[in-house]
>>> print(open('run-v8.csv').read())   # CSV, C-alpha atoms and all ligand atoms
chain,number,residue,atom,x,y,z
A,1204,MET,CA,14.7,23.7,18.2
A,1205,THR,CA,11.7,21.7,19.4
A,1206,VAL,CA,12.3,18.0,19.2
A,1207,GLY,CA,9.5,15.5,19.8
A,1208,ILE,CA,10.2,12.2,21.4
A,1209,VAL,CA,7.9,9.2,21.7
A,1210,TYR,CA,8.7,7.1,24.7
A,1211,ASP,CA,6.6,5.1,27.2
A,1212,SER,CA,7.7,2.6,29.8
A,1213,ILE,CA,5.1,0.2,28.3
A,1214,PHE,CA,7.6,-0.4,25.4
A,1215,LYS,CA,9.8,-2.2,28.0
A,1216,LYS,CA,6.9,-4.6,28.9
A,1217,HIS,CA,7.3,-6.3,25.5
A,1218,VAL,CA,9.7,-9.1,26.6
A,1219,ALA,CA,10.8,-12.4,25.3
A,1220,ARG,CA,10.8,-15.5,27.5
A,1221,PHE,CA,14.5,-16.1,26.9
A,1222,ASP,CA,17.5,-13.9,26.0
A,1223,HIS,CA,16.7,-12.1,22.8
A,1224,PRO,CA,18.6,-9.3,21.0
A,1225,GLU,CA,15.4,-7.2,20.7
A,1226,CYS,CA,15.4,-6.6,24.4
A,1227,PRO,CA,13.9,-3.8,26.6
A,1228,GLU,CA,17.4,-2.6,27.5
A,1229,ARG,CA,17.7,-1.3,24.0
A,1230,LEU,CA,15.4,1.5,24.9
A,1231,ASP,CA,17.5,2.3,28.0
A,1232,ALA,CA,20.5,2.7,25.6
A,1233,VAL,CA,18.4,5.0,23.3
A,1234,VAL,CA,17.2,7.1,26.2
A,1235,ASN,CA,20.7,7.3,27.5
A,1236,GLY,CA,21.9,8.5,24.1
A,1237,LEU,CA,19.2,11.1,23.9
A,1238,LYS,CA,20.1,12.4,27.4
A,1239,ARG,CA,23.8,12.5,26.6
A,1240,ALA,CA,23.0,14.5,23.4
A,1241,GLY,CA,21.1,17.0,25.5
A,1242,VAL,CA,18.0,16.3,23.6
A,1243,TRP,CA,15.9,14.5,26.2
A,1244,GLU,CA,15.6,17.3,28.7
A,1245,GLU,CA,14.6,19.9,26.1
A,1246,ALA,CA,12.2,17.7,24.2
A,1247,THR,CA,8.5,17.7,23.9
A,1248,HIS,CA,7.5,14.3,25.2
A,1249,ILE,CA,4.7,12.7,23.3
A,1250,VAL,CA,2.5,10.5,25.4
A,1251,PRO,CA,1.5,7.8,22.9
A,1252,VAL,CA,-2.1,6.6,22.7
A,1253,GLU,CA,-3.1,3.4,21.0
A,1254,ALA,CA,-3.5,3.5,17.2
A,1255,THR,CA,-7.0,2.7,16.1
A,1256,VAL,CA,-7.8,-0.3,13.9
A,1257,MET,CA,-8.7,2.2,11.1
A,1258,GLU,CA,-5.2,3.7,11.3
A,1259,LEU,CA,-3.5,0.3,11.3
A,1260,CYS,CA,-5.5,-0.7,8.3
A,1261,THR,CA,-3.9,2.1,6.2
A,1262,VAL,CA,-1.2,-0.5,5.6
A,1263,HIS,CA,-2.4,-3.7,7.3
A,1264,GLU,CA,-5.2,-6.0,6.3
A,1265,ALA,CA,-8.2,-5.9,8.6
A,1266,LEU,CA,-8.2,-9.7,9.0
A,1267,TYR,CA,-4.5,-9.6,10.0
A,1268,VAL,CA,-5.2,-6.9,12.6
A,1269,GLU,CA,-8.2,-8.8,14.0
A,1270,ARG,CA,-6.2,-12.1,14.3
A,1271,LEU,CA,-3.1,-10.3,15.7
A,1272,LEU,CA,-5.1,-8.7,18.5
A,1273,GLN,CA,-6.9,-11.9,19.3
A,1274,THR,CA,-3.5,-13.7,19.7
A,1275,VAL,CA,-1.6,-10.9,21.3
A,1276,ASP,CA,-4.3,-10.3,23.8
A,1277,GLY,CA,-2.5,-8.7,26.7
A,1278,SER,CA,-2.5,-11.9,28.8
A,1279,ARG,CA,-0.6,-14.6,27.0
A,1280,ARG,CA,2.9,-15.0,25.7
A,1281,GLY,CA,4.1,-16.9,22.7
A,1282,ASN,CA,5.5,-16.5,19.2
A,1283,LEU,CA,4.0,-15.2,16.0
A,1284,ASP,CA,6.9,-16.7,14.0
A,1285,PRO,CA,10.2,-18.2,15.1
A,1286,ASP,CA,11.7,-14.6,15.6
A,1287,THR,CA,8.7,-12.6,16.7
A,1288,PHE,CA,7.7,-13.1,20.3
A,1289,PHE,CA,4.9,-11.6,22.4
A,1290,SER,CA,4.2,-11.2,26.1
A,1291,ALA,CA,1.5,-9.8,28.2
A,1292,GLY,CA,2.7,-6.3,27.6
A,1293,SER,CA,3.1,-6.6,23.8
A,1294,ARG,CA,-0.4,-5.6,22.9
A,1295,ASP,CA,-0.3,-2.2,24.6
A,1296,ALA,CA,3.3,-1.7,23.5
A,1297,ALA,CA,2.6,-2.4,19.8
A,1298,LEU,CA,-0.6,-0.3,19.7
A,1299,ARG,CA,1.1,2.6,21.4
A,1300,ALA,CA,4.2,2.3,19.3
A,1301,ALA,CA,2.1,2.7,16.2
A,1302,GLY,CA,0.0,5.4,17.8
A,1303,GLY,CA,3.0,7.4,19.0
A,1304,ALA,CA,4.6,7.2,15.5
A,1305,ILE,CA,1.4,8.6,14.0
A,1306,GLU,CA,1.1,11.4,16.5
A,1307,MET,CA,4.8,12.4,16.1
A,1308,ALA,CA,4.6,12.3,12.3
A,1309,LYS,CA,1.6,14.5,12.3
A,1310,ARG,CA,3.1,17.1,14.7
A,1311,VAL,CA,6.4,17.2,12.7
A,1312,HIS,CA,4.3,17.5,9.5
A,1313,ASP,CA,2.4,20.4,11.0
A,1314,ARG,CA,5.7,22.0,12.0
A,1315,GLU,CA,4.6,22.0,15.6
A,1316,LEU,CA,7.9,20.0,16.1
A,1317,ASP,CA,11.1,20.7,14.3
A,1318,TRP,CA,11.9,17.0,14.1
A,1319,GLY,CA,11.0,13.8,16.0
A,1320,PHE,CA,12.4,10.5,17.3
A,1321,ALA,CA,10.1,7.6,18.1
A,1322,ALA,CA,11.9,5.5,20.7
A,1323,VAL,CA,9.5,2.6,20.3
A,1324,ARG,CA,9.3,-1.2,20.6
A,1325,PRO,CA,8.4,-3.5,19.0
A,1326,PRO,CA,10.1,-2.3,15.7
A,1327,GLY,CA,8.1,-2.3,12.5
A,1328,HIS,CA,9.6,-2.4,9.1
A,1329,HIS,CA,9.5,-6.2,8.6
A,1330,ALA,CA,5.7,-6.4,9.4
A,1331,GLU,CA,3.9,-7.0,6.1
A,1332,SER,CA,0.2,-6.2,5.5
A,1333,ASN,CA,-0.9,-9.7,6.6
A,1334,ARG,CA,2.0,-11.1,8.6
A,1335,ALA,CA,4.3,-10.5,11.5
A,1336,CYS,CA,8.0,-10.9,10.7
A,1337,GLY,CA,11.4,-10.4,12.2
A,1338,PHE,CA,10.6,-9.0,15.6
A,1339,CYS,CA,7.8,-6.8,14.1
A,1340,MET,CA,4.0,-6.9,14.4
A,1341,LEU,CA,2.8,-3.5,13.2
A,1342,ASN,CA,4.8,-1.4,10.7
A,1343,ASN,CA,5.0,1.8,12.8
A,1344,ILE,CA,6.7,4.0,10.1
A,1345,ALA,CA,4.5,2.7,7.3
A,1346,ILE,CA,1.3,3.3,9.4
A,1347,ALA,CA,2.5,6.9,10.2
A,1348,ALA,CA,3.0,7.5,6.5
A,1349,GLY,CA,-0.3,5.8,5.6
A,1350,VAL,CA,-2.2,8.0,8.0
A,1351,LEU,CA,-0.5,11.2,6.6
A,1352,LEU,CA,-1.5,10.2,3.1
A,1353,GLU,CA,-5.0,8.9,4.0
A,1354,GLN,CA,-5.9,12.1,5.9
A,1355,LYS,CA,-4.6,14.2,3.0
A,1356,MET,CA,-2.0,15.9,5.2
A,1357,ALA,CA,0.6,14.9,2.6
A,1358,ALA,CA,0.6,14.0,-1.0
A,1359,ARG,CA,4.1,12.7,-1.4
A,1360,LEU,CA,6.4,11.0,1.2
A,1361,ALA,CA,9.8,9.5,1.3
A,1362,ILE,CA,10.9,6.7,3.6
A,1363,VAL,CA,14.6,6.2,3.9
A,1364,ASP,CA,15.6,2.9,5.6
A,1365,TRP,CA,19.2,2.5,6.8
A,1366,ASP,CA,18.5,-0.4,9.0
A,1367,VAL,CA,20.9,-3.2,8.0
A,1368,HIS,CA,18.0,-5.5,7.2
A,1369,HIS,CA,15.7,-4.9,4.2
A,1370,GLY,CA,12.3,-3.4,5.1
A,1371,ASN,CA,10.3,-6.0,3.4
A,1372,GLY,CA,7.1,-4.8,5.0
A,1373,THR,CA,7.5,-1.2,4.0
A,1374,GLN,CA,8.4,-2.3,0.4
A,1375,GLN,CA,5.4,-4.5,0.2
A,1376,GLN,CA,2.9,-2.0,1.5
A,1377,PHE,CA,3.9,0.8,-0.9
A,1378,TYR,CA,5.2,-1.3,-3.8
A,1379,SER,CA,2.6,0.1,-6.3
A,1380,ASN,CA,2.2,3.5,-4.7
A,1381,PRO,CA,3.7,6.3,-6.7
A,1382,ASP,CA,3.3,8.7,-3.8
A,1383,VAL,CA,5.8,7.0,-1.5
A,1384,LEU,CA,9.5,6.8,-2.4
A,1385,TYR,CA,11.0,3.9,-0.4
A,1386,ILE,CA,14.8,3.8,-0.4
A,1387,SER,CA,16.6,1.0,1.6
A,1388,ILE,CA,20.3,0.4,2.0
A,1389,HIS,CA,20.8,-3.0,3.6
A,1390,GLN,CA,23.0,-6.1,3.7
A,1391,TRP,CA,22.2,-8.8,1.2
A,1392,PRO,CA,22.1,-11.7,1.3
A,1393,HIS,CA,20.7,-11.4,4.8
A,1394,PHE,CA,17.4,-11.6,6.6
A,1395,PRO,CA,14.7,-11.3,5.3
A,1396,GLY,CA,16.0,-12.2,1.9
A,1397,SER,CA,14.2,-9.6,-0.2
A,1398,GLY,CA,15.7,-6.3,-1.3
A,1399,LEU,CA,17.4,-6.8,-4.7
A,1400,SER,CA,18.0,-3.8,-7.0
A,1401,THR,CA,15.6,-5.3,-9.4
A,1402,GLU,CA,12.7,-5.0,-6.9
A,1403,MET,CA,11.8,-1.5,-8.1
A,1404,GLY,CA,8.0,-1.2,-7.7
A,1405,THR,CA,5.1,-2.1,-9.9
A,1406,GLY,CA,2.4,-0.4,-11.9
A,1407,GLU,CA,2.4,3.4,-11.1
A,1408,GLY,CA,5.0,2.7,-8.5
A,1409,VAL,CA,7.8,1.6,-10.8
A,1410,GLY,CA,11.0,3.3,-9.9
A,1411,LYS,CA,9.7,4.4,-6.5
A,1412,ASN,CA,11.1,1.4,-4.7
A,1413,VAL,CA,14.8,1.6,-4.5
A,1414,ASN,CA,17.1,-1.1,-3.0
A,1415,VAL,CA,20.8,-0.9,-2.4
A,1416,PRO,CA,21.7,-4.5,-1.5
A,1417,PHE,CA,25.3,-4.2,-0.2
A,1418,PRO,CA,27.3,-7.3,0.7
A,1419,PRO,CA,28.8,-7.6,4.2
A,1420,GLY,CA,31.9,-5.5,4.8
A,1421,MET,CA,30.7,-2.2,3.4
A,1422,GLY,CA,31.4,0.9,5.5
A,1423,ASP,CA,31.2,4.7,5.7
A,1424,VAL,CA,32.6,5.4,2.2
A,1425,GLU,CA,30.3,3.0,0.4
A,1426,TYR,CA,27.2,4.4,2.3
A,1427,ALA,CA,28.4,8.0,1.4
A,1428,ASP,CA,28.7,6.9,-2.2
A,1429,ALA,CA,25.2,5.6,-2.2
A,1430,PHE,CA,23.9,8.8,-0.5
A,1431,GLU,CA,25.7,11.1,-2.9
A,1432,ARG,CA,25.0,9.3,-6.2
A,1433,LEU,CA,21.6,7.9,-5.5
A,1434,VAL,CA,19.7,8.8,-2.3
A,1435,LEU,CA,20.2,12.5,-2.4
A,1436,PRO,CA,19.5,13.0,-6.1
A,1437,LEU,CA,16.3,10.9,-5.8
A,1438,LEU,CA,15.1,12.9,-2.8
A,1439,HIS,CA,15.8,16.2,-4.6
A,1440,ALA,CA,13.9,15.0,-7.7
A,1441,PHE,CA,11.0,13.5,-5.9
A,1442,ARG,CA,10.5,16.5,-3.6
A,1443,PRO,CA,8.7,14.6,-0.7
A,1444,GLU,CA,6.7,16.7,1.7
A,1445,HIS,CA,8.2,14.8,4.7
A,1446,ILE,CA,11.2,12.4,5.0
A,1447,LEU,CA,10.5,9.5,7.4
A,1448,VAL,CA,13.5,7.5,8.4
A,1449,SER,CA,13.5,3.8,9.5
A,1450,ALA,CA,16.4,4.4,11.9
A,1451,GLY,CA,18.0,1.1,12.7
A,1452,PHE,CA,21.5,1.1,14.0
A,1453,ASP,CA,22.5,-2.5,13.3
A,1454,ALA,CA,24.8,-1.7,10.3
A,1455,HIS,CA,27.2,-0.4,13.0
A,1456,ARG,CA,30.5,-2.2,13.0
A,1457,LEU,CA,30.0,-3.4,16.5
A,1458,ASP,CA,26.6,-4.8,16.0
A,1459,PHE,CA,26.4,-8.6,16.1
A,1460,LEU,CA,23.5,-9.1,13.8
A,1461,SER,CA,25.2,-7.9,10.7
A,1462,GLY,CA,28.6,-7.8,8.9
A,1463,MET,CA,28.5,-4.1,8.0
A,1464,ARG,CA,31.2,-1.7,9.0
A,1465,LEU,CA,29.6,1.7,9.7
A,1466,SER,CA,31.3,3.9,12.3
A,1467,THR,CA,29.3,5.9,14.8
A,1468,GLU,CA,30.1,9.0,12.9
A,1469,ALA,CA,28.3,7.6,9.8
A,1470,TYR,CA,25.0,8.1,11.6
A,1471,GLN,CA,25.8,11.8,12.0
A,1472,TYR,CA,26.7,12.1,8.3
A,1473,MET,CA,23.6,10.3,7.0
A,1474,THR,CA,21.3,12.3,9.4
A,1475,ARG,CA,22.9,15.6,8.3
A,1476,GLN,CA,22.5,14.8,4.6
A,1477,LEU,CA,18.8,13.9,5.1
A,1478,LYS,CA,18.3,17.0,7.2
A,1479,GLU,CA,19.8,19.2,4.6
A,1480,VAL,CA,17.7,17.8,1.8
A,1481,ALA,CA,14.6,18.1,4.0
A,1482,GLN,CA,15.4,21.8,4.6
A,1483,ARG,CA,15.6,22.3,0.8
A,1484,VAL,CA,12.6,20.3,-0.3
A,1485,CYS,CA,10.1,20.1,2.5
A,1486,ASP,CA,10.5,22.9,5.0
A,1487,GLY,CA,12.8,20.6,7.1
A,1488,ARG,CA,10.1,18.0,7.9
A,1489,ILE,CA,12.0,14.9,9.1
A,1490,SER,CA,11.1,12.2,11.6
A,1491,PHE,CA,12.9,9.1,12.8
A,1492,TYR,CA,11.5,5.7,13.9
A,1493,LEU,CA,13.6,3.2,15.8
A,1494,GLU,CA,14.0,-0.1,14.1
A,1495,GLY,CA,17.0,-2.4,14.9
A,1496,GLY,CA,20.3,-1.9,16.7
A,1497,TYR,CA,21.4,-4.5,19.2
A,1498,GLN,CA,24.9,-3.7,20.5
A,1499,LEU,CA,23.8,-1.5,23.3
A,1500,ASN,CA,26.9,0.8,23.5
A,1501,ALA,CA,27.0,1.3,19.8
A,1502,LEU,CA,23.2,2.0,19.7
A,1503,SER,CA,23.5,4.6,22.4
A,1504,ASP,CA,26.5,6.3,20.7
A,1505,ALA,CA,24.8,6.2,17.3
A,1506,ILE,CA,21.8,8.0,18.8
A,1507,VAL,CA,24.1,10.8,20.0
A,1508,ALA,CA,25.6,10.9,16.5
A,1509,LEU,CA,22.1,11.2,15.0
A,1510,CYS,CA,21.3,14.1,17.4
A,1511,ASP,CA,24.6,15.8,16.5
A,1512,GLY,CA,23.6,15.4,12.8
A,1513,MET,CA,20.5,17.4,13.4
A,1514,ARG,CA,22.5,20.2,14.9
A,1515,ALA,CA,24.5,22.8,13.0
A,1516,LEU,CA,27.8,21.2,14.0
A,1517,PRO,CA,30.7,20.9,11.5
A,1518,LEU,CA,30.5,17.7,9.6
A,1519,ALA,CA,33.3,15.8,7.8
A,1520,SER,CA,32.3,13.6,4.9
A,1521,PRO,CA,33.8,10.1,5.0
A,1522,GLN,CA,37.1,10.2,3.2
A,1523,GLY,CA,38.3,7.5,0.9
A,1524,THR,CA,37.4,5.7,-2.3
A,1525,PRO,CA,34.5,3.3,-2.2
A,1526,SER,CA,35.3,-0.3,-3.0
A,1527,SER,CA,34.6,-1.5,-6.5
A,1528,THR,CA,32.1,-4.0,-5.0
A,1529,GLY,CA,30.1,-1.2,-3.3
A,1530,LYS,CA,30.3,1.1,-6.3
A,1531,LYS,CA,29.0,-1.7,-8.6
A,1532,ILE,CA,25.9,-2.2,-6.4
A,1533,VAL,CA,25.1,1.5,-6.5
A,1534,ASP,CA,25.6,1.5,-10.3
A,1535,ASP,CA,23.3,-1.6,-10.6
A,1536,THR,CA,20.6,0.2,-8.6
A,1537,ILE,CA,20.9,3.4,-10.7
A,1538,GLY,CA,20.8,1.2,-13.8
A,1539,ALA,CA,17.6,-0.5,-12.6
A,1540,ILE,CA,15.6,2.7,-11.9
A,1541,SER,CA,17.2,5.4,-14.1
A,1542,ALA,CA,14.6,5.0,-16.9
A,1543,SER,CA,11.9,6.0,-14.4
A,1544,TRP,CA,13.7,9.2,-13.3
A,1545,GLY,CA,14.0,11.2,-16.5
A,1546,GLY,CA,17.8,11.6,-16.7
A,1547,ILE,CA,18.6,12.8,-13.2
A,1548,PHE,CA,21.5,10.3,-13.0
A,1601,ZN,ZN,17.6,-4.6,11.4
>>> encode(input="run-v8.csv", output="structure tokens")
Amino acid sequence: MTVGIVYDSIFKKHVARFDHPECPERLDAVVNGLKRAGVWEEATHIVPVEATVMELCTVHEALYVERLLQTVDGSRRGNLDPDTFFSAGSRDAALRAAGGAIEMAKRVHDRELDWGFAAVRPPGHHAESNRACGFCMLNNIAIAAGVLLEQKMAARLAIVDWDVHHGNGTQQQFYSNPDVLYISIHQWPHFPGSGLSTEMGTGEGVGKNVNVPFPPGMGDVEYADAFERLVLPLLHAFRPEHILVSAGFDAHRLDFLSGMRLSTEAYQYMTRQLKEVAQRVCDGRISFYLEGGYQLNALSDAIVALCDGMRALPLASPQGTPSSTGKKIVDDTIGAISASWGGIF
């Protein structure tokens, strides 16, 4: 199995002035997890090059990109919003994170790689077309998807976002696009505030934006319920040509930026489910892009679990009955989008 990994020490040169949860040590934890899983040594290491302005503009506005690169100019440090810092290394890191994401997506899509993991910083899914947000400047996964679509490599893509925060950027960038199915399971209410079940796309994209806004306290059985009754049927019906995953690990029960209760094993379960549907509908094309995950031990362990999920290891589904609260949220989301999906539910 050929695994592609995007990593570059430049990603650790993006540093906040003071202690910040989105810290360079996160990547050490990820690399440690990839090594412990036995994936790092065997992997094809993709040396990321900077994304071009044209590539960034598949999802970002040209004026935003111009202003961002004027501000994040490789010499200064500062903040783009109260959460989103930049330092001298941030320009190179952000451009190579997006560039690496594009290259990995293309090589997985071409089946040169079986699957891929982009261990990149800064993360991306909060960055909207015209603003930085929530530690994110450029929406790496959305840019990768945008390039696959723009270059006609793919006609239909799915983005599954299990980061505990709603991917407001990805939602916004594909909100009216019928060729991108965006599915997010996240904590709500929580940062950034968006992500209700009723936010289901617009125009031709109605029904292709799917939000599962769980309250804090949901765990493995509620996520499994969402996967079995919603995520997997949608992916089977949509038949994407590639599944891209916004892989944040901050819904882990040890993470301090959320109140979710996922175990480490849940990441193996979710990965395996997505891998299996990818094998059925899109020749196994699946790629992962690091988003959040702030408790370093939990992050590292969850990366091992993800790698285990991509292997043919025995897998136990979470046992138990989902809470009525969790079940109702999944029901609400199904209720919101079912009219757009021709009776699959
Ligand atoms: Zn997050």
>>> closest_residue(input="run-v8.csv", among="A:Gln1471, A:Asn1371, A:Thr1536, A:Asn1412", to="ligand ZN 1601 (chain A)", atoms="all atoms listed in the file")
A:Asn1371
>>> residues_near_ligand(input="run-v8.csv", ligand="ligand ZN 1601 (chain A)", cutoff="7 Å", atoms="all atoms listed in the file", output="PyMOL selection string")
chain A and resi 1366-1368+1451+1453+1494-1496
>>> residues_around(input="run-v8.csv", residues="Gly1292 of chain A", least_positions_apart="5", cutoff="8 Å", atoms="only C-alpha atoms", output="PyMOL selection string")
chain A and resi 1213-1214+1216-1218+1277-1278
>>> residues_around(input="run-v8.csv", residues="segment 1391-1406 of chain A", least_positions_apart="3", cutoff="7 Å", atoms="only C-alpha atoms", output="CSV table (one decimal) with C-alpha atoms, in the frame of the given file")
chain,number,residue,atom,x,y,z
A,1368,HIS,CA,18.0,-5.5,7.2
A,1369,HIS,CA,15.7,-4.9,4.2
A,1371,ASN,CA,10.3,-6.0,3.4
A,1378,TYR,CA,5.2,-1.3,-3.8
A,1379,SER,CA,2.6,0.1,-6.3
A,1409,VAL,CA,7.8,1.6,-10.8
A,1410,GLY,CA,11.0,3.3,-9.9
A,1411,LYS,CA,9.7,4.4,-6.5
A,1412,ASN,CA,11.1,1.4,-4.7
A,1413,VAL,CA,14.8,1.6,-4.5
A,1414,ASN,CA,17.1,-1.1,-3.0
A,1415,VAL,CA,20.8,-0.9,-2.4
A,1416,PRO,CA,21.7,-4.5,-1.5
A,1417,PHE,CA,25.3,-4.2,-0.2
A,1418,PRO,CA,27.3,-7.3,0.7
A,1535,ASP,CA,23.3,-1.6,-10.6
A,1536,THR,CA,20.6,0.2,-8.6
A,1539,ALA,CA,17.6,-0.5,-12.6
A,1540,ILE,CA,15.6,2.7,-11.9
>>> atom_distance(input="run-v8.csv", atom1="atom CA of Gly1538 of chain A", atom2="atom CA of Leu1360 of chain A")
23.0 Å
>>> closest_residue(input="run-v8.csv", among="A:Gly1327, A:Gly1512, A:Gly1523, A:Gly1529", to="Val1262 of chain A", atoms="only C-alpha atoms")
A:Gly1327
>>> closest_residue(input="run-v8.csv", among="A:Ser1466, A:Ser1461, A:Asn1282, A:Ser1526", to="Phe1221 of chain A", atoms="all atoms listed in the file")
A:Asn1282
>>> atom_distance(input="run-v8.csv", atom1="atom CA of Ala1304 of chain A", atom2="atom CA of Glu1353 of chain A")
15.1 Å
>>> closest_residue(input="run-v8.csv", among="A:Asn1235, A:Leu1341, A:Arg1220, A:Ala1240", to="Leu1271 of chain A", atoms="all atoms listed in the file")
A:Leu1341
>>> axis_aligned_box(input="run-v8.csv", around="segment 1440-1445 of chain A", padding_each_side="4 Å", output="AutoDock Vina command-line options")
--center_x 10.3 --center_y 15.1 --center_z -1.5 --size_x 15.2 --size_y 11.2 --size_z 20.4
>>> closest_residue(input="run-v8.csv", among="A:Ser1541, A:Gln1498, A:Asn1380, A:Gln1374", to="Asp1458 of chain A", atoms="only C-alpha atoms")
A:Gln1498
>>> atom_distance(input="run-v8.csv", atom1="atom CA of Met1463 of chain A", atom2="atom CA of Pro1419 of chain A")
5.2 Å
>>> closest_residue(input="run-v8.csv", among="A:Glu1258, A:Asp1211, A:Glu1425, A:Glu1269", to="Leu1230 of chain A", atoms="only C-alpha atoms")
A:Asp1211
>>> residues_around(input="run-v8.csv", residues="Ala1427 of chain A", least_positions_apart="3", cutoff="9 Å", atoms="only C-alpha atoms", output="VMD selection string")
chain A and resid 1422 to 1424 1430 to 1432 1469 1472 to 1473 1520 to 1521 1525
>>> residues_near_point(input="run-v8.csv", point="(19.9, 14.3, 26.0)", cutoff="12 Å", atoms="all atoms listed in the file", output="list in words")
Val1206, Ile1208, Ala1232, Val1233, Val1234, Asn1235, Gly1236, Leu1237, Lys1238, Arg1239, Ala1240, Gly1241, Val1242, Trp1243, Glu1244, Glu1245, Ala1246, Ser1503, Asp1504, Ile1506, Val1507, Ala1508, Leu1509, Cys1510 and Asp1511 of chain A
>>> residues_around(input="run-v8.csv", residues="Arg1270 of chain A", least_positions_apart="6", cutoff="12 Å", atoms="only C-alpha atoms", output="MDAnalysis selection string")
chainID A and resid 1256 1263:1264 1276 1283 1333:1335 1340
>>> residues_around(input="run-v8.csv", residues="Ile1362 of chain A", least_positions_apart="4", cutoff="7 Å", atoms="all atoms listed in the file", output="PDB file with C-alpha atoms, keeping the file's coordinate frame")
ATOM      1  CA  LEU A1384       9.500   6.800  -2.400  1.00  0.00           C
ATOM      2  CA  TYR A1385      11.000   3.900  -0.400  1.00  0.00           C
ATOM      3  CA  ILE A1386      14.800   3.800  -0.400  1.00  0.00           C
ATOM      4  CA  ILE A1446      11.200  12.400   5.000  1.00  0.00           C
ATOM      5  CA  LEU A1447      10.500   9.500   7.400  1.00  0.00           C
ATOM      6  CA  VAL A1448      13.500   7.500   8.400  1.00  0.00           C
TER       7      VAL A1448
END
>>> residues_near_point(input="run-v8.csv", point="(7.5, 7.9, 25.4)", cutoff="6 Å", atoms="only C-alpha atoms", output="list in words")
Val1209, Tyr1210, Asp1211, Ile1249 and Val1250 of chain A
>>> decode(input="run-v8.csv", residues="segment 1260-1271 of chain A", atoms="C-alpha atoms", output="short mmCIF file (atom, residue, chain, number, x, y, z; two decimals), in the first residue's frame")
data_model
loop_
_atom_site.label_atom_id
_atom_site.label_comp_id
_atom_site.auth_asym_id
_atom_site.auth_seq_id
_atom_site.Cartn_x
_atom_site.Cartn_y
_atom_site.Cartn_z
CA CYS A 1260 -8.54 31.44 -6.39
CA THR A 1261 -10.50 28.27 -7.09
CA VAL A 1262 -12.12 28.99 -3.69
CA HIS A 1263 -10.70 32.32 -2.49
CA GLU A 1264 -11.34 35.80 -3.90
CA ALA A 1265 -8.38 37.33 -5.74
CA LEU A 1266 -8.57 40.49 -3.65
CA TYR A 1267 -8.42 38.47 -0.42
CA VAL A 1268 -5.38 36.50 -1.63
CA GLU A 1269 -3.64 39.72 -2.67
CA ARG A 1270 -4.26 41.41 0.67
CA LEU A 1271 -3.38 38.27 2.64
#
